[in-house]
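J.: Data: final00.csv, CSV, C-alpha atoms.
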chain,number,residue,atom,x,y,z
M,1,LYS,CA,-3.9,-63.2,-1.4
M,2,ARG,CA,-1.6,-60.2,-1.7
M,3,SER,CA,-0.4,-57.7,0.9
M,4,PHE,CA,-1.1,-54.0,0.5
M,5,LEU,CA,2.5,-53.5,-0.7
M,6,GLU,CA,1.6,-55.2,-4.0
M,7,TYR,CA,-1.2,-52.7,-4.8
M,8,ASP,CA,-1.1,-49.0,-5.5
M,9,GLY,CA,-3.8,-46.9,-3.8
M,10,ILE,CA,-6.4,-46.8,-6.6
M,11,LEU,CA,-6.1,-50.4,-7.5
M,12,ARG,CA,-6.2,-51.5,-3.9
M,13,ARG,CA,-9.4,-49.5,-3.4
M,14,GLU,CA,-11.0,-51.0,-6.6
M,15,VAL,CA,-10.1,-54.6,-5.5
M,16,ALA,CA,-11.3,-54.0,-2.0
M,17,TRP,CA,-14.6,-52.5,-3.2
M,18,GLU,CA,-15.1,-55.6,-5.4
M,19,LEU,CA,-14.4,-57.9,-2.5
M,20,HIS,CA,-16.9,-55.8,-0.4
M,21,ASP,CA,-19.6,-56.1,-3.1
M,22,GLN,CA,-19.0,-59.8,-3.4
M,23,GLY,CA,-19.3,-60.1,0.4
M,24,LYS,CA,-22.6,-58.3,0.4
M,25,ILE,CA,-23.9,-60.7,-2.3
M,26,PHE,CA,-22.9,-63.7,0.0
M,27,GLU,CA,-24.6,-62.0,2.9
M,28,GLU,CA,-27.8,-61.7,0.9
M,29,MET,CA,-27.5,-65.4,0.0
M,30,GLY,CA,-27.2,-66.3,3.7
M,31,MET,CA,-23.5,-67.3,3.5
M,32,PRO,CA,-21.9,-65.2,6.2
M,33,LYS,CA,-18.6,-67.2,6.4
M,34,ASN,CA,-17.9,-66.4,2.8
M,35,SER,CA,-18.6,-62.7,3.4
M,36,ILE,CA,-16.3,-62.7,6.5
M,37,LYS,CA,-13.5,-64.3,4.4
M,38,LEU,CA,-13.9,-61.7,1.6
M,39,TYR,CA,-14.1,-58.7,4.1
M,40,ASP,CA,-11.0,-60.0,5.8
M,41,GLU,CA,-9.2,-60.4,2.5
M,42,ALA,CA,-10.1,-56.8,1.6
M,43,LEU,CA,-8.9,-55.4,5.0
M,44,VAL,CA,-5.6,-57.3,4.8
M,45,MET,CA,-4.7,-54.9,1.9
M,46,TRP,CA,-4.2,-52.1,4.5
M,47,HIS,CA,-2.2,-54.4,6.8
M,48,GLY,CA,1.6,-54.2,6.3
M,49,ASP,CA,2.3,-57.6,7.6
M,50,GLU,CA,2.6,-60.5,5.1
M,51,ILE,CA,1.2,-63.0,7.7
M,52,GLY,CA,-2.0,-61.0,7.9
M,53,SER,CA,-3.2,-62.6,4.7
M,54,SER,CA,-2.9,-66.2,6.0
M,55,ARG,CA,-5.2,-65.9,9.0
M,56,HIS,CA,-8.6,-64.4,9.9
M,57,PHE,CA,-7.7,-60.8,10.2
M,58,THR,CA,-10.8,-59.3,11.8
M,59,GLY,CA,-9.7,-55.8,11.2
M,60,ASN,CA,-6.7,-55.9,13.5
M,61,LEU,CA,-5.1,-52.7,12.2
M,62,SER,CA,-2.4,-51.1,14.2
M,63,ALA,CA,-2.3,-47.4,15.1
M,64,ALA,CA,0.4,-46.9,12.6
M,65,GLU,CA,-1.6,-48.6,9.9
M,66,ILE,CA,-4.7,-46.5,10.7
M,67,GLN,CA,-2.6,-43.3,10.6
M,68,GLY,CA,-1.1,-44.5,7.3
M,69,ILE,CA,-4.6,-44.4,5.6
M,70,GLN,CA,-4.1,-41.1,3.7
M,71,MET,CA,-6.9,-41.2,1.1
M,72,ALA,CA,-10.5,-40.3,2.0
M,73,GLY,CA,-11.8,-43.2,-0.2
M,74,ASP,CA,-9.6,-45.7,1.6
M,75,ALA,CA,-10.6,-44.5,5.1
M,76,TYR,CA,-14.3,-44.6,4.2
M,77,LEU,CA,-13.9,-48.1,2.7
M,78,VAL,CA,-11.9,-49.5,5.7
M,79,ALA,CA,-14.5,-48.2,8.1
M,80,THR,CA,-17.3,-49.7,5.9
M,81,LEU,CA,-15.6,-53.1,5.7
M,82,LEU,CA,-15.0,-53.1,9.5
M,83,THR,CA,-18.7,-52.2,10.1
M,84,SER,CA,-19.9,-54.9,7.7
M,85,LEU,CA,-17.6,-57.5,9.4
M,86,ALA,CA,-18.8,-56.5,12.8
M,87,THR,CA,-22.5,-56.9,11.8
M,88,LEU,CA,-21.8,-60.4,10.7
M,89,TYR,CA,-19.8,-61.3,13.8
M,90,GLU,CA,-22.7,-60.1,16.1
M,91,SER,CA,-24.5,-63.4,15.7
M,92,VAL,CA,-21.5,-65.7,16.2
M,93,ALA,CA,-18.7,-63.9,18.1
M,94,VAL,CA,-19.8,-60.7,20.0
M,95,PRO,CA,-16.2,-59.9,21.2
M,96,LYS,CA,-15.0,-59.9,17.6
M,97,ALA,CA,-18.0,-57.7,16.5
M,98,ALA,CA,-17.1,-55.2,19.3
M,99,LYS,CA,-13.5,-55.2,18.2
M,100,CYS,CA,-14.4,-54.4,14.6
M,101,TYR,CA,-16.8,-51.7,15.7
M,102,LEU,CA,-14.1,-50.1,17.9
M,103,LYS,CA,-11.6,-50.4,15.1
M,104,ALA,CA,-14.0,-48.6,12.7
M,105,ILE,CA,-14.3,-45.8,15.3
M,106,GLU,CA,-10.5,-45.6,15.6
M,107,VAL,CA,-10.2,-45.3,11.8
M,108,PHE,CA,-12.8,-42.5,11.9
M,109,GLU,CA,-10.9,-40.7,14.8
M,110,PHE,CA,-7.3,-41.3,13.9
M,111,SER,CA,-6.9,-41.6,10.1
M,112,PRO,CA,-5.8,-38.3,8.7
M,113,ALA,CA,-8.0,-38.9,5.7
M,114,MET,CA,-11.2,-38.8,7.7
M,115,GLU,CA,-10.9,-35.0,7.8
M,116,LEU,CA,-11.6,-35.0,4.1
M,117,ILE,CA,-14.9,-36.8,4.4
M,118,SER,CA,-17.8,-34.4,4.8
M,119,GLU,CA,-20.4,-37.0,5.9
M,120,GLN,CA,-19.1,-38.0,9.3
M,121,SER,CA,-22.3,-39.7,10.5
M,122,MET,CA,-21.3,-42.9,8.7
M,123,ILE,CA,-19.6,-44.1,11.9
M,124,PHE,CA,-22.6,-43.4,14.3
M,125,PRO,CA,-24.1,-47.0,13.7
M,126,CYS,CA,-21.0,-48.4,15.4
M,127,PHE,CA,-21.7,-46.5,18.6
M,128,HIS,CA,-25.4,-47.5,18.4
M,129,SER,CA,-24.4,-51.2,17.9
M,130,LEU,CA,-21.9,-51.2,20.8
M,131,PHE,CA,-24.5,-49.7,23.2
M,132,ARG,CA,-27.1,-52.1,22.1
M,133,LEU,CA,-24.8,-55.1,22.7
M,134,ILE,CA,-24.0,-53.6,26.2
M,135,ARG,CA,-27.6,-52.9,27.0
M,136,GLU,CA,-28.8,-56.4,26.0
M,137,GLY,CA,-26.0,-58.0,28.1
M,138,GLU,CA,-24.3,-59.6,25.1
M,139,LEU,CA,-21.1,-57.6,25.6
M,140,GLU,CA,-19.6,-57.3,29.1
M,141,SER,CA,-18.3,-53.9,30.0
M,142,ASP,CA,-17.4,-51.8,32.9
M,143,PHE,CA,-18.5,-48.3,33.8
M,144,SER,CA,-15.3,-46.7,32.6
M,145,PHE,CA,-15.6,-48.2,29.1
M,146,GLU,CA,-19.2,-47.2,28.8
M,147,ARG,CA,-18.4,-43.7,30.0
M,148,ALA,CA,-15.5,-43.3,27.6
M,149,LEU,CA,-17.6,-44.6,24.7
M,150,THR,CA,-20.5,-42.3,25.6
M,151,ALA,CA,-18.2,-39.3,25.9
M,152,ARG,CA,-16.8,-40.1,22.4
M,153,PHE,CA,-20.2,-40.4,20.9
M,154,LEU,CA,-21.4,-37.1,22.5
M,155,GLN,CA,-18.3,-35.3,21.2
M,156,GLU,CA,-18.8,-36.6,17.7
M,157,THR,CA,-22.5,-35.7,17.6
M,158,LYS,CA,-22.5,-32.3,19.3
M,159,GLU,CA,-22.2,-30.5,15.9
M,160,SER,CA,-24.5,-33.0,14.0
M,161,ASN,CA,-28.2,-33.0,13.6
M,162,SER,CA,-30.5,-33.3,16.6
M,163,TYR,CA,-31.4,-37.0,16.0
M,164,HIS,CA,-27.9,-38.4,16.5
M,165,HIS,CA,-27.2,-36.0,19.4
M,166,ALA,CA,-30.4,-37.1,21.0
M,167,CYS,CA,-29.4,-40.7,20.6
M,168,ALA,CA,-26.1,-40.0,22.3
M,169,LEU,CA,-27.8,-38.2,25.2
M,170,ALA,CA,-30.2,-41.1,25.6
M,171,MET,CA,-27.3,-43.6,25.6
M,172,ASN,CA,-25.5,-41.4,28.2
M,173,ALA,CA,-28.7,-41.4,30.3
M,174,GLY,CA,-29.0,-45.2,30.1
M,175,MET,CA,-25.4,-45.7,31.0
M,176,LYS,CA,-25.8,-43.4,34.1
M,177,PHE,CA,-29.0,-45.1,35.1
M,178,ARG,CA,-27.4,-48.6,34.9
M,179,SER,CA,-24.6,-47.3,37.0
M,180,GLY,CA,-26.9,-46.1,39.7
M,181,LEU,CA,-26.6,-42.4,38.9
M,182,HIS,CA,-30.4,-41.9,38.6
M,183,CYS,CA,-30.5,-38.2,39.2
M,184,GLU,CA,-27.8,-37.6,36.6
M,185,ALA,CA,-29.7,-39.8,34.2
M,186,LEU,CA,-32.8,-37.7,34.6
M,187,GLU,CA,-30.7,-34.6,33.9
M,188,GLU,CA,-29.6,-36.1,30.5
M,189,PHE,CA,-33.3,-36.6,29.6
M,190,ALA,CA,-33.9,-32.9,30.5
M,191,LYS,CA,-31.2,-31.9,28.1
M,192,MET,CA,-33.0,-33.8,25.3
M,193,LYS,CA,-36.1,-31.7,25.8
M,194,LYS,CA,-34.1,-28.5,25.0
Take the structure in the file and write it out as structure tokens.
T.:
Amino acid sequence: KRSFLEYDGILRREVAWELHDQGKIFEEMGMPKNSIKLYDEALVMWHGDEIGSSRHFTGNLSAAEIQGIQMAGDAYLVATLLTSLATLYESVAVPKAAKCYLKAIEVFEFSPAMELISEQSMIFPCFHSLFRLIREGELESDFSFERALTARFLQETKESNSYHHACALAMNAGMKFRSGLHCEALEEFAKMKK
């Protein structure tokens, strides 16, 4: 395994896509541990720490590493790898899945390269998955976490098509209802009718 310092940008992306594609094949074959290993290996290429390649990485990119992702193709790939990794972790380690979904959202929000990607809805499944895990009781959270997550999703979808914004409003209503704010939850449903 090599660190990101040993690859130039284009070669790094090509190698990481190859690892991603191999991981997808292992997923289809019902071998999630192999997929996780390959996704980790691909993500380590954006991690500046040599030790990252010798442990399960689980997308633990620092804020500086995320801001260092300057190429749109790299940002898209890192978010895709984190989302794929999170999906696999959902059945075995929900906290790790949540961490990967949140890191993908951070890449989307804080990588300078994301401004260059015209299709911004690629990150919406991360919000959907986090809310599903919370709603089903698989991921413990407090009201402030849910409120912040909902606010982020509403912000991201306000300029998008009505489907994603309606989902964000429904998630906001559900969060308010679970928190005992029943009248405010009903107000959110009224917004969806507009």
J.: In Å, with one decimal, what is the gap from CA of Ala98 (chain M) to CA of Cys126 (chain M)?
T.: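 The value is 8.8 Å.
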J.: Which one is closest to Tyr76 (chain M): M:Thr157, M:Gln120, M:Ser91, M:Ser62? Count only C-alpha atoms.
T.: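 Ranked by minimum distance to Tyr76 (chain M), first place goes to M:Gln120.
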J.: Which of these, M:Arg13, M:Leu61, M:His47, M:Leu19, has the shortest distance to Asn34 (chain M) once you count only C-alpha atoms?
T.: M:Leu19
J.: What's the 12 Å shell around Ser111 (chain M), counting all atoms listed in the file, without same-chain residues fewer than 5 positions away, as an MDAnalysis selection string?
T.: chainID M and resid 61:76 78:79 103:106 116:117
J.: In terms of the shortest atom-to-atom distance over only C-alpha atoms, which of M:Thr83, M:Gln155, M:Ser118, M:Ser162 is closest to Met192 (chain M)?
T.: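 When distances to Met192 (chain M) are compared using only C-alpha atoms, the smallest one comes from M:Ser162.
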J.: At what distance in Å, to one decimal, does CA of Leu82 (chain M) lie from CA of Lys33 (chain M)?
T.: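 Atom-to-atom, CA of Lys33 (chain M) and CA of Leu82 (chain M) are spaced 14.9 Å apart.
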J.: Pick from M:Leu81, M:Ala185, M:Leu11, M:Asp21: nearest to Tyr39 (chain M), with all atoms listed in the file counted?
T.: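 For Tyr39 (chain M), the nearest of the candidates is M:Leu81.
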J.: For CA of Leu186 (chain M) and CA of Glu146 (chain M), quote the distance in Å rounded to one decimal.
T.: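 Going from CA of Leu186 (chain M) over to CA of Glu146 (chain M), I get 17.6 Å.
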J.: Looking at only C-alpha atoms, which of M:Pro95, M:Gly23, M:Leu169, M:Asn60 is the one that sits closest to Val107 (chain M)?
T.: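 Checking each candidate against Val107 (chain M), we get M:Asn60 as the closest.
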J.: Determine, counting all atoms listed in the file, which protein, DNA and RNA residues have an atom within 12 Å of an atom of Cys167 (chain M); residues of the same chain fewer than 6 positions away are not included. Present the result as a VMD selection string.
T.: chain M and resid 124 to 125 127 to 129 131 to 132 150 153 to 154 156 to 158 160 to 161 173 to 174 188 to 189 191 to 192
J.: Any chance you could export the current selection's C-alpha atoms as a tab-separated table (two decimals), in the frame of the given file?
T.:
chain	number	residue	atom	x	y	z
M	124	PHE	CA	-22.60	-43.40	14.30
M	125	PRO	CA	-24.10	-47.00	13.70
M	127	PHE	CA	-21.70	-46.50	18.60
M	128	HIS	CA	-25.40	-47.50	18.40
M	129	SER	CA	-24.40	-51.20	17.90
M	131	PHE	CA	-24.50	-49.70	23.20
M	132	ARG	CA	-27.10	-52.10	22.10
M	150	THR	CA	-20.50	-42.30	25.60
M	153	PHE	CA	-20.20	-40.40	20.90
M	154	LEU	CA	-21.40	-37.10	22.50
M	156	GLU	CA	-18.80	-36.60	17.70
M	157	THR	CA	-22.50	-35.70	17.60
M	158	LYS	CA	-22.50	-32.30	19.30
M	160	SER	CA	-24.50	-33.00	14.00
M	161	ASN	CA	-28.20	-33.00	13.60
M	173	ALA	CA	-28.70	-41.40	30.30
M	174	GLY	CA	-29.00	-45.20	30.10
M	188	GLU	CA	-29.60	-36.10	30.50
M	189	PHE	CA	-33.30	-36.60	29.60
M	191	LYS	CA	-31.20	-31.90	28.10
M	192	MET	CA	-33.00	-33.80	25.30
J.: Would you kindly return, as an mmCIF file with C-alpha atoms, keeping the file's coordinate frame, each protein, DNA or RNA residue with an atom no farther than 9 Å from any atom of Trp17 (chain M), considering all atoms listed in the file and excluding same-chain residues fewer than 5 positions away?
T.:
data_model
loop_
_atom_site.group_PDB
_atom_site.id
_atom_site.type_symbol
_atom_site.label_atom_id
_atom_site.label_comp_id
_atom_site.auth_asym_id
_atom_site.auth_seq_id
_atom_site.Cartn_x
_atom_site.Cartn_y
_atom_site.Cartn_z
ATOM 1 C CA ARG M 12 -6.200 -51.500 -3.900
ATOM 2 C CA GLN M 22 -19.000 -59.800 -3.400
ATOM 3 C CA ALA M 42 -10.100 -56.800 1.600
ATOM 4 C CA LEU M 77 -13.900 -48.100 2.700
ATOM 5 C CA LEU M 81 -15.600 -53.100 5.700
#
J.: How would you write as a ChimeraX atom specification the residues that get within 12 Å of (-25.5, -46.2, 33.4) in the file's frame, counting only C-alpha atoms?
T.: /M:131,134-135,141-150,169-186,188
